$ cat input.json   # JSON, C-alpha atoms
[["chain", "number", "residue", "atom", "x", "y", "z"],
["A", 1255, "MET", "CA", -0.75, 16.32, 1.07],
["A", 1256, "ASP", "CA", -2.94, 18.98, -0.47],
["A", 1257, "GLN", "CA", -3.39, 18.08, -4.17],
["A", 1258, "ILE", "CA", -4.92, 21.47, -5.00],
["A", 1259, "GLN", "CA", -1.99, 23.35, -3.46],
["A", 1260, "ILE", "CA", 0.54, 21.06, -5.12],
["A", 1261, "GLY", "CA", -1.22, 21.55, -8.47],
["A", 1262, "ARG", "CA", -1.13, 25.32, -8.14],
["A", 1263, "PHE", "CA", 2.55, 25.16, -7.22],
["A", 1264, "ILE", "CA", 3.36, 22.99, -10.26],
["A", 1265, "ALA", "CA", 1.55, 25.50, -12.50],
["A", 1266, "GLU", "CA", 3.31, 28.44, -10.84],
["A", 1267, "MET", "CA", 6.77, 26.87, -11.20],
["A", 1268, "ARG", "CA", 6.09, 25.84, -14.81],
["A", 1269, "LYS", "CA", 5.05, 29.38, -15.70],
["A", 1270, "ALA", "CA", 8.08, 30.78, -13.87],
["A", 1271, "GLN", "CA", 10.23, 28.70, -16.27],
["A", 1272, "ASN", "CA", 8.18, 30.00, -19.25],
["A", 1273, "LEU", "CA", 7.14, 26.45, -20.11],
["A", 1274, "THR", "CA", 3.90, 25.30, -21.71],
["A", 1275, "GLN", "CA", 2.22, 22.19, -20.33],
["A", 1276, "ARG", "CA", 3.40, 20.34, -23.43],
["A", 1277, "GLN", "CA", 7.11, 20.98, -22.72],
["A", 1278, "PRO", "CA", 7.41, 19.20, -19.34],
["A", 1279, "ALA", "CA", 5.01, 16.54, -20.69],
["A", 1280, "ASP", "CA", 7.38, 15.82, -23.58],
["A", 1281, "THR", "CA", 10.36, 15.73, -21.21],
["A", 1282, "LEU", "CA", 8.57, 13.17, -19.01],
["A", 1283, "SER", "CA", 7.10, 11.20, -21.97],
["A", 1284, "ILE", "CA", 3.55, 11.78, -20.79],
["A", 1285, "SER", "CA", 0.56, 13.64, -22.21],
["A", 1286, "ASP", "CA", -0.08, 17.32, -21.54],
["A", 1287, "LYS", "CA", -3.45, 16.14, -20.16],
["A", 1288, "THR", "CA", -1.54, 14.53, -17.32],
["A", 1289, "VAL", "CA", 0.23, 17.81, -16.49],
["A", 1290, "SER", "CA", -3.14, 19.58, -16.66],
["A", 1291, "LYS", "CA", -4.62, 17.00, -14.29],
["A", 1292, "TRP", "CA", -1.81, 17.64, -11.78],
["A", 1293, "GLU", "CA", -2.18, 21.42, -12.05],
["A", 1294, "THR", "CA", -5.92, 21.28, -11.43],
["A", 1295, "GLY", "CA", -5.42, 19.11, -8.33],
["A", 1296, "LYS", "CA", -7.04, 16.00, -9.82],
["A", 1297, "GLY", "CA", -4.02, 13.79, -9.27],
["A", 1298, "LEU", "CA", -0.40, 13.66, -8.18],
["A", 1299, "PRO", "CA", 2.67, 12.69, -10.20],
["A", 1300, "GLU", "CA", 3.67, 9.06, -9.91],
["A", 1301, "VAL", "CA", 6.74, 8.56, -7.72],
["A", 1302, "SER", "CA", 8.94, 7.66, -10.72],
["A", 1303, "LEU", "CA", 8.04, 11.00, -12.37],
["A", 1304, "MET", "CA", 8.64, 13.23, -9.36],
["A", 1305, "LEU", "CA", 12.43, 13.64, -9.73],
["A", 1306, "PRO", "CA", 12.33, 14.36, -13.49],
["A", 1307, "LEU", "CA", 9.45, 16.81, -12.94],
["A", 1308, "CYS", "CA", 11.34, 18.55, -10.15],
["A", 1309, "ASP", "CA", 14.44, 18.79, -12.37],
["A", 1310, "ALA", "CA", 12.35, 20.36, -15.14],
["A", 1311, "LEU", "CA", 10.84, 22.89, -12.71],
["A", 1312, "HIS", "CA", 14.07, 23.50, -10.75],
["A", 1313, "ILE", "CA", 12.54, 22.53, -7.41],
["A", 1314, "THR", "CA", 13.07, 19.76, -4.86],
["A", 1315, "VAL", "CA", 10.74, 16.83, -4.21],
["A", 1316, "ASN", "CA", 10.15, 18.32, -0.78],
["A", 1317, "ASP", "CA", 9.04, 21.59, -2.43],
["A", 1318, "LEU", "CA", 6.73, 19.62, -4.74],
["A", 1319, "LEU", "CA", 5.06, 17.61, -1.96],
["A", 1320, "SER", "CA", 4.72, 20.73, 0.20],
["A", 1321, "GLY", "CA", 3.20, 22.76, -2.62],
["A", 1322, "GLU", "CA", 5.61, 25.61, -1.86],
["A", 1323, "ARG", "CA", 9.30, 26.44, -1.62],
["A", 1324, "VAL", "CA", 10.67, 24.91, 1.58],
["A", 1325, "SER", "CA", 13.29, 26.83, 3.52],
["A", 1326, "GLU", "CA", 16.42, 24.98, 4.65],
["A", 1327, "THR", "CA", 15.36, 25.24, 8.29],
["A", 1328, "ASP", "CA", 12.03, 23.50, 7.55],
["A", 1329, "TYR", "CA", 13.46, 20.97, 5.10],
["A", 1330, "GLN", "CA", 13.97, 18.05, 7.51],
["A", 1331, "LYS", "CA", 10.59, 18.50, 9.21],
["A", 1332, "LYS", "CA", 8.73, 18.68, 5.88],
["A", 1333, "ALA", "CA", 10.56, 15.59, 4.57],
["A", 1334, "GLU", "CA", 9.53, 13.63, 7.67],
["A", 1335, "ASP", "CA", 5.93, 14.83, 7.37],
["A", 1336, "HIS", "CA", 5.76, 13.72, 3.73],
["A", 1337, "MET", "CA", 7.24, 10.31, 4.56],
["A", 1338, "MET", "CA", 4.67, 9.86, 7.34],
["A", 1339, "ASP", "CA", 1.83, 10.91, 4.99],
["A", 1340, "LEU", "CA", 2.89, 8.32, 2.40],
["A", 1341, "MET", "CA", 3.20, 5.60, 5.03],
["A", 1342, "LYS", "CA", -0.24, 6.49, 6.44],
["A", 1343, "GLU", "CA", -1.80, 6.43, 2.96],
["A", 1344, "ASN", "CA", -0.25, 3.02, 2.23],
["A", 1345, "GLU", "CA", -1.52, 1.64, 5.57],
["A", 1346, "GLU", "CA", -5.03, 2.91, 4.85],
["A", 1347, "ASN", "CA", -4.95, 1.29, 1.42],
["A", 1348, "LYS", "CA", -3.88, -2.04, 2.95],
["A", 1349, "LYS", "CA", -6.72, -1.84, 5.49],
["A", 1350, "ARG", "CA", -9.26, -1.11, 2.74],
["A", 1351, "MET", "CA", -8.01, -4.09, 0.73],
["A", 1352, "ILE", "CA", -8.25, -6.41, 3.76],
["A", 1353, "LEU", "CA", -11.74, -5.11, 4.60],
["A", 1354, "SER", "CA", -12.77, -5.63, 0.98],
["A", 1355, "VAL", "CA", -11.66, -9.28, 1.09],
["A", 1356, "ILE", "CA", -13.33, -9.85, 4.48],
["A", 1357, "CYS", "CA", -16.55, -8.19, 3.29],
["A", 1358, "GLY", "CA", -16.60, -10.35, 0.16],
["A", 1359, "GLY", "CA", -15.91, -13.51, 2.17],
["A", 1360, "VAL", "CA", -18.59, -12.79, 4.78],
["A", 1361, "THR", "CA", -21.09, -12.02, 2.00],
["A", 1362, "VAL", "CA", -20.41, -15.34, 0.25],
["A", 1363, "VAL", "CA", -20.77, -17.30, 3.52],
["A", 1364, "ALA", "CA", -24.00, -15.46, 4.48],
["A", 1365, "VAL", "CA", -25.61, -15.91, 1.08],
["A", 1366, "CYS", "CA", -24.63, -19.60, 0.93],
["A", 1367, "ALA", "CA", -26.01, -20.16, 4.44],
["A", 1368, "LEU", "CA", -29.32, -18.52, 3.51],
["A", 1369, "ALA", "CA", -29.49, -20.54, 0.28],
["A", 1370, "MET", "CA", -28.88, -23.78, 2.22],
["A", 1371, "ILE", "CA", -31.61, -22.93, 4.73],
["A", 1372, "VAL", "CA", -34.08, -22.17, 1.94],
["A", 1373, "SER", "CA", -33.27, -25.37, 0.03],
["A", 1374, "VAL", "CA", -33.00, -27.83, 2.94],
["A", 1375, "VAL", "CA", -35.31, -26.71, 5.74],
["A", 1376, "GLU", "CA", -39.09, -27.10, 5.43],
["A", 1377, "LEU", "CA", -40.46, -23.57, 5.73],
["A", 1378, "PRO", "CA", -43.72, -21.80, 4.97],
["A", 1379, "ARG", "CA", -43.75, -20.21, 1.54],
["A", 1380, "ILE", "CA", -43.73, -16.62, 2.90],
["A", 1381, "VAL", "CA", -40.67, -17.35, 5.08],
["A", 1382, "ARG", "CA", -38.89, -18.99, 2.15],
["A", 1383, "ILE", "CA", -39.58, -15.92, -0.05],
["A", 1384, "ALA", "CA", -38.42, -13.60, 2.73],
["A", 1385, "LEU", "CA", -35.15, -15.55, 3.07],
["A", 1386, "ILE", "CA", -34.57, -15.46, -0.71],
["A", 1387, "VAL", "CA", -35.14, -11.70, -0.71],
["A", 1388, "LEU", "CA", -32.77, -11.38, 2.29],
["A", 1389, "ALA", "CA", -30.12, -13.42, 0.44],
["A", 1390, "VAL", "CA", -30.40, -11.16, -2.63],
["A", 1391, "LEU", "CA", -30.19, -8.00, -0.50],
["A", 1392, "THR", "CA", -27.23, -9.40, 1.46],
["A", 1393, "ALA", "CA", -25.41, -10.27, -1.77],
["A", 1394, "THR", "CA", -26.09, -6.84, -3.25],
["A", 1395, "ALA", "CA", -25.03, -4.91, -0.13],
["A", 1396, "GLY", "CA", -21.97, -7.08, 0.54],
["A", 1397, "ILE", "CA", -20.69, -7.02, -3.03],
["A", 1398, "GLY", "CA", -21.38, -3.27, -3.26],
["A", 1399, "ALA", "CA", -19.43, -2.59, -0.06],
["A", 1400, "ALA", "CA", -16.54, -4.81, -1.20],
["A", 1401, "ILE", "CA", -16.40, -2.96, -4.54],
["A", 1402, "LEU", "CA", -16.39, 0.47, -2.89],
["A", 1403, "LEU", "CA", -13.57, -0.58, -0.54],
["A", 1404, "ASP", "CA", -11.56, -2.18, -3.35],
["A", 1405, "VAL", "CA", -11.87, 0.86, -5.66],
["A", 1406, "LYS", "CA", -10.43, 3.11, -2.92],
["A", 1407, "ALA", "CA", -7.72, 0.62, -1.90],
["A", 1408, "GLY", "CA", -4.72, 1.97, -3.78],
["A", 1409, "TYR", "CA", -4.41, 2.71, -7.47],
["A", 1410, "PHE", "CA", -4.51, 1.11, -10.88],
["A", 1411, "GLU", "CA", -1.42, 1.43, -13.07],
["A", 1412, "CYS", "CA", -1.85, 1.96, -16.80],
["A", 1413, "PRO", "CA", 0.57, -0.39, -18.62],
["A", 1414, "CYS", "CA", 0.81, 2.07, -21.53],
["A", 1415, "CYS", "CA", 1.79, 5.35, -19.81],
["A", 1416, "LYS", "CA", 2.47, 4.08, -16.24],
["A", 1417, "THR", "CA", 0.00, 6.60, -14.77],
["A", 1418, "LEU", "CA", -1.54, 5.68, -11.42],
["A", 1419, "PHE", "CA", -5.25, 6.44, -11.17],
["A", 1420, "VAL", "CA", -8.39, 5.61, -9.21],
["A", 1421, "PRO", "CA", -11.22, 4.58, -11.56],
["A", 1422, "THR", "CA", -14.83, 5.58, -11.05],
["A", 1423, "THR", "CA", -17.01, 2.93, -9.41],
["A", 1424, "GLY", "CA", -18.92, 2.53, -12.70],
["A", 1425, "ASP", "CA", -15.75, 1.95, -14.74],
["A", 1426, "TYR", "CA", -14.48, -0.47, -12.09],
["A", 1427, "MET", "CA", -17.69, -2.54, -12.21],
["A", 1428, "LYS", "CA", -17.78, -2.63, -16.02],
["A", 1429, "GLY", "CA", -14.17, -3.84, -16.43],
["A", 1430, "TYR", "CA", -13.57, -7.59, -16.49],
["A", 1431, "HIS", "CA", -10.64, -8.68, -14.35],
["A", 1432, "THR", "CA", -8.16, -11.26, -13.18],
["A", 1433, "ILE", "CA", -7.06, -11.39, -9.53],
["A", 1434, "MET", "CA", -4.74, -8.36, -9.68],
["A", 1435, "LYS", "CA", -5.62, -6.71, -13.02],
["A", 1436, "ARG", "CA", -8.75, -5.04, -14.36],
["A", 1437, "ARG", "CA", -9.58, -3.83, -17.87],
["A", 1438, "LEU", "CA", -9.87, -0.05, -17.54],
["A", 1439, "THR", "CA", -9.46, 3.07, -19.65],
["A", 1440, "CYS", "CA", -6.62, 5.32, -18.49],
["A", 1441, "PRO", "CA", -7.81, 8.90, -17.87],
["A", 1442, "ASP", "CA", -4.48, 10.26, -19.16],
["A", 1443, "CYS", "CA", -3.66, 8.38, -22.36],
["A", 1444, "ASP", "CA", -7.27, 7.20, -23.05],
["A", 1445, "LYS", "CA", -6.04, 3.67, -23.81],
["A", 1446, "THR", "CA", -7.98, 0.66, -22.54],
["A", 1447, "ALA", "CA", -5.83, -2.12, -21.14],
["A", 1448, "MET", "CA", -5.43, -4.57, -18.26],
["A", 1449, "CYS", "CA", -4.33, -2.26, -15.45],
["A", 1450, "ARG", "CA", -2.52, -3.68, -12.43],
["A", 1451, "HIS", "CA", -3.96, -2.96, -8.99],
["A", 1452, "ARG", "CA", -1.31, -1.44, -6.74],
["A", 1453, "ILE", "CA", -1.75, -0.87, -3.03],
["A", 1454, "LEU", "CA", 1.42, 1.19, -2.59],
["A", 1455, "ARG", "CA", 2.15, 4.42, -4.46]]
$ encode --input "input.json" --output "structure tokens"
Amino acid sequence: MDQIQIGRFIAEMRKAQNLTQRQPADTLSISDKTVSKWETGKGLPEVSLMLPLCDALHITVNDLLSGERVSETDYQKKAEDHMMDLMKENEENKKRMILSVICGGVTVVAVCALAMIVSVVELPRIVRIALIVLAVLTATAGIGAAILLDVKAGYFECPCCKTLFVPTTGDYMKGYHTIMKRRLTCPDCDKTAMCRHRILR
């Protein structure tokens, strides 16, 4: 799915209905910043908002996901393509999450093994220092890779406005977390809350 094309189409259909960004935003109980974000291709509407948005713009979901009016002859093919795109995206998110967990696990094992070697085995000072440096580098690289994979594995859902978003790596690292939630600031409503990590859209 081409977010830029979809955004342009949303803007075009909104203007064709002589609507401001505020009007569909009020109808959907979201901020006009969210509509602006869609129209500039910086995000897609959450699944639960697609039907109400389409009703407001007098288009079909297939039109919305295609970023253009879909003719009746192409309707079935486009619908299948969109379903396959969503399934592919969800599979990729699952793979990233699994890789993130594996990367984190391997990093912990490697760093613990290096720490055990340094603390138990009699080694020359220079070798011991080299192993400590290696443990620190391994921890840094492994945790960094796990974070990058986890950030891109799905979306975070704002509990206030229900927007799905992908945080920046910096925001992700700064936010304290539980297993499935992380304290983040929503880019749409600007509220900071414990946002649930969702793999599927």
$ residues_around --input "input.json" --residues "range 1410-1415 of chain A" --least-positions-apart "4" --cutoff "6 Å" --atoms "only C-alpha atoms" --output "list in words"
Phe1419, Cys1449, Arg1450, His1451 and Arg1452 of chain A
$ atom_distance --input "input.json" --atom1 "CA of Thr1281 in chain A" --atom2 "CA of Lys1296 in chain A"
20.8 Å
$ atom_distance --input "input.json" --atom1 "CA of Asn1316 in chain A" --atom2 "CA of Asn1344 in chain A"
18.7 Å
$ closest_residue --input "input.json" --among "A:Thr1274, A:Thr1423, A:Thr1327, A:Thr1288" --to "Glu1300 in chain A" --atoms "all atoms listed in the file"
A:Thr1288
$ residues_near_point --input "input.json" --point "(-12.6, -5.5, -14.8)" --cutoff "12 Å" --atoms "all atoms listed in the file" --output "ChimeraX atom specification"
/A:1401,1404-1405,1410,1421-1439,1446-1451
$ atom_distance --input "input.json" --atom1 "CA of Lys1348 in chain A" --atom2 "CA of Gln1259 in chain A"
26.3 Å
$ residues_near_point --input "input.json" --point "(-18.6, -2.6, -2.5)" --cutoff "12 Å" --atoms "all atoms listed in the file" --output "list in words"
Arg1350, Met1351, Leu1353, Ser1354, Val1355, Ile1356, Cys1357, Gly1358, Thr1361, Thr1392, Ala1393, Thr1394, Ala1395, Gly1396, Ile1397, Gly1398, Ala1399, Ala1400, Ile1401, Leu1402, Leu1403, Asp1404, Val1405, Lys1406, Ala1407, Thr1423, Gly1424, Tyr1426 and Met1427 of chain A
$ closest_residue --input "input.json" --among "A:Glu1376, A:Lys1291, A:Ala1369, A:Thr1314" --to "Pro1441 in chain A" --atoms "only C-alpha atoms"
A:Lys1291
$ residues_around --input "input.json" --residues "range 1334-1342 of chain A" --least-positions-apart "2" --cutoff "10 Å" --atoms "only C-alpha atoms" --output "ChimeraX atom specification"
/A:1255,1315-1316,1319-1320,1329-1332,1344-1348,1454-1455
$ residues_around --input "input.json" --residues "range 1262-1264 of chain A" --least-positions-apart "6" --cutoff "10 Å" --atoms "only C-alpha atoms" --output "NGL selection string"
:A and (1270 or 1289-1290 or 1292-1295 or 1307-1308 or 1311 or 1313 or 1317-1323)
$ closest_residue --input "input.json" --among "A:Val1362, A:Val1301, A:Val1387, A:Ala1279" --to "Leu1418 in chain A" --atoms "all atoms listed in the file"
A:Val1301
$ axis_aligned_box --input "input.json" --around "range 1416-1427 of chain A" --padding-each-side "6 Å" --output "JSON"
{"center_x": -8.2, "center_y": 2.0, "center_z": -12.7, "size_x": 33.4, "size_y": 21.1, "size_z": 19.0}
$ closest_residue --input "input.json" --among "A:Ala1384, A:Val1374, A:Arg1379, A:Glu1343" --to "Gly1408 in chain A" --atoms "all atoms listed in the file"
A:Glu1343
$ closest_residue --input "input.json" --among "A:Ile1386, A:Cys1440, A:Ile1284, A:Leu1305" --to "Leu1368 in chain A" --atoms "only C-alpha atoms"
A:Ile1386
$ closest_residue --input "input.json" --among "A:Val1420, A:His1312, A:Gly1297, A:Asp1280" --to "Glu1266 in chain A" --atoms "only C-alpha atoms"
A:His1312
$ residues_around --input "input.json" --residues "Ser1285 in chain A" --least-positions-apart "6" --cutoff "10 Å" --atoms "all atoms listed in the file" --output "NGL selection string"
:A and (1275-1279 or 1415 or 1442-1443)
